[in-house]
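Below: the structure, in structure tokens.
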There are 2 protein chains.
Amino acid sequence: MDEDNDINPENYANFFALYNLCKHIEPKQVINISSVEFGKVLKTSQQTASRRINDLEKLGWIKRKLEGKAQKIVVTKLGADIMLRMYQNLKEILDDIVIIGYVQSGIGEGGYYVSIKGYYDQFQNKLGYNPYKGTLNLKLNDANNALLNEKLKNNKPITIEGFEDQQRQYGPVDCYECLIYRPDKMDSKQKAAILKIERTHHKGNIIEILAEDYLRDLLHLVDDDKIVIEIIKN
Amino acid sequence: MDEDNDINPENYANFFALYNLCKHIEPKQVINISSVEFGKVLKTSQQTASRRINDLEKLGWIKRKLEGKAQKIVVTKLGADIMLRMYQNLKEILDDIVIIGYVQSGIGEGGYYVSIKGYYDQFQNKLGYNPYKGTLNLKLNDANNALLNEKLKNNKPITIEGFEDQQRQYGPVDCYECLIYRPDKMDSKQKAAILKIERTHHKGNIIEILAEDYLRDLLHLVDDDKIVIEIIKN
DNA sequence: ATTACTAATATCCGAGTAG
DNA sequence: TCTACTCGGATATTAGTAA
């Protein structure tokens, strides 16, 4: 990230011009847009939009053909690379931003499921410890929840297989390893796992945390305490 | 993507200011940077850097404490959300940019491995067809290769398990489903799979493609022909 | 319709400097 | 040292047009 592969101030507008152009890439990799339309997209005048397209061409970020009156634009590999690098840098940035959750009293459902033998044995084997037979429920706000889901997409879950007994079926559970700690106590990070249960899409952005110890005691937690969740990359 | 969650021209510089600030987030989520240093990062004067930080605070993208002379900055959830949304939009954009490869004569190694029973039976079962007993080798340039690898990170592979016989061990293979076609023949897309073989990191950005048919015949390919590779999202 | 030039105007930047 | 003000000069934008 520290290599100088970044956008300079004189290209801020050009970056956003390319970015907005890229949103209009058609299946054949061509962009059909007039300078008037593009001006509306960029929220600038037609003249500025036209100048932007000229500048992008000079930079080698796009190529274009002026066919009669209309123009056909294609993004060059250099242009695609500009987008890719910003994407990669943002990914790194998001890695460094932690998730905040607030302790909630759960209805105890998580604890019940964890302790079922069909699940518990797998937790032991695949997580490498004997988890406490209950989960810590954390409430996230929308921004934190969106960020968490995006982070989880970049990680491979430890999958606990579903099974069935005489009564019913039990669905698979995806576990994502993480570290849990109080914001003021960074030296007491606890290894834990976020459980993504197939069916029970918790309403209200609540996630369930599994750990070896009883986290409420270990971290002296009461409801509404603020907790930091750090995803462990794999 | 069409919701208006995007950056307006008057905030181009502010976006990049936030972006560059975020690169300096420390483990405790705090940013320690003076306006002189930040000016160097942004390649502007100290005065402009200072104004940027003020503007970011007014926008609610950061909070700060002026402790004596030094400032401590934290990115707000709104600020983190700006970064997240740009990340997500770039991800969508990259989805729409296809990979270009050029047909290469392989050394035939791929074909040998595919036809080994321990692999072939799994290909049949997991891909759902009887693949041609050979692979199409495609050469990518660096930009295409970087983009391909990033796209593959966002997909779950179909994993062909490794095995061993009397002679030796055979490593696992990750398959990523894709569509292959000639740039001028978009209506003749062929379902195929990119093979990521554990050990043999192909030198020179060469990837191996597996498909049901013999693609060289079906698509009338000769060496150096241009081929489009479209990753199928899962 | 287009794209894009020129000239007028609006905006932004940084030197000087204060607190 | 810090942050951040004012203000003149630099830069960017757009209205009016041409092609």
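Chain lettering (A, B, ...) mirrors the order of the structure tokens, residue numbering begins at 1 for each chain separately, and ligand numbering begins at 1 in order of display.
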Name the residues of range 29-91 of chain A that fall into strand (DSSP E) according to DSSP on the backbone, using the chain letters and numbers of this document, as a PyMOL selection string.
-> chain A and resi 31-32+62-67+70-75
Kindly export the residues of the current selection with C-alpha atoms, as a short mmCIF file (atom, residue, chain, number, x, y, z; two decimals), in the first residue's frame.
data_model
loop_
_atom_site.label_atom_id
_atom_site.label_comp_id
_atom_site.auth_asym_id
_atom_site.auth_seq_id
_atom_site.Cartn_x
_atom_site.Cartn_y
_atom_site.Cartn_z
CA ILE A 31 -19.62 2.72 -22.90
CA ASN A 32 -22.22 4.68 -24.83
CA ILE A 62 -9.84 5.16 -21.82
CA LYS A 63 -9.87 4.90 -25.59
CA ARG A 64 -12.64 6.28 -27.72
CA LYS A 65 -13.93 6.36 -31.22
CA LEU A 66 -15.83 9.37 -32.42
CA GLU A 67 -18.27 7.69 -34.78
CA ALA A 70 -21.60 9.79 -31.09
CA GLN A 71 -18.59 8.52 -29.18
CA LYS A 72 -17.84 4.95 -28.14
CA ILE A 73 -15.64 4.61 -25.09
CA VAL A 74 -13.72 1.61 -23.81
CA VAL A 75 -11.74 1.49 -20.59
#
Neighbours of range 4-19 of chain D within 8 Å (only C-alpha atoms (C1' of nucleotides); same-chain residues fewer than 6 positions away dropped), as a PyMOL selection string?
-> (chain A and resi 45+47-48) or (chain B and resi 47+50-51) or (chain C and resi 5+10-13+18)
Expected answer as a count of residues only: helix (DSSP H, G or I) residues in range 72-209 of chain A | 51
Check: which chain B residues lie within 7 Å of chain A using only C-alpha atoms, as a list in words |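 Within 7 Å of chain A on chain B, we get Tyr12, Ala13, Cys22, Lys23, Ile25, Gln29, Lys77, Asp81, Met83, Leu84, Tyr87, Leu90, Lys91, Ile93, Asp96, Ile97, Ala143, Leu147 and Asn154 of chain B.
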Up to 9 Å from chain B, what residues of chain D turn up? Count only C-alpha atoms (C1' of nucleotides) and give them as a PyMOL selection string.
-> chain D and resi 1-4
Print the selection's residues with N, CA and C atoms (P, O5', C5', C4', C3', O3' and C1' of nucleotides) to a file, as a tab-separated table (two decimals), in the first residue's frame.
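Output (again_17.tsv):
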chain	number	residue	atom	x	y	z
D	1	DT	P	10.61	24.00	14.30
D	1	DT	O5'	9.12	24.29	14.64
D	1	DT	C5'	8.00	23.52	14.34
D	1	DT	C4'	7.41	22.94	15.62
D	1	DT	C3'	5.97	22.52	15.47
D	1	DT	O3'	5.91	21.20	15.00
D	1	DT	C1'	6.25	23.82	17.42
D	2	DC	P	4.77	20.72	14.06
D	2	DC	O5'	3.57	20.38	15.08
D	2	DC	C5'	2.26	20.46	14.60
D	2	DC	C4'	1.37	21.05	15.67
D	2	DC	C3'	0.11	21.64	15.08
D	2	DC	O3'	-0.82	20.60	14.88
D	2	DC	C1'	1.04	23.16	16.61
D	3	DT	P	-1.57	20.44	13.52
D	3	DT	O5'	-2.73	21.50	13.72
D	3	DT	C5'	-3.54	21.47	14.90
D	3	DT	C4'	-4.37	22.71	14.94
D	3	DT	C3'	-5.30	22.89	13.75
D	3	DT	O3'	-6.55	23.40	14.22
D	3	DT	C1'	-3.85	24.75	13.90
D	4	DA	P	-7.81	23.48	13.27
D	4	DA	O5'	-7.66	24.93	12.63
D	4	DA	C5'	-7.86	26.07	13.46
D	4	DA	C4'	-7.61	27.32	12.65
D	4	DA	C3'	-8.33	27.36	11.29
D	4	DA	O3'	-8.82	28.66	11.07
D	4	DA	C1'	-6.09	27.81	10.99
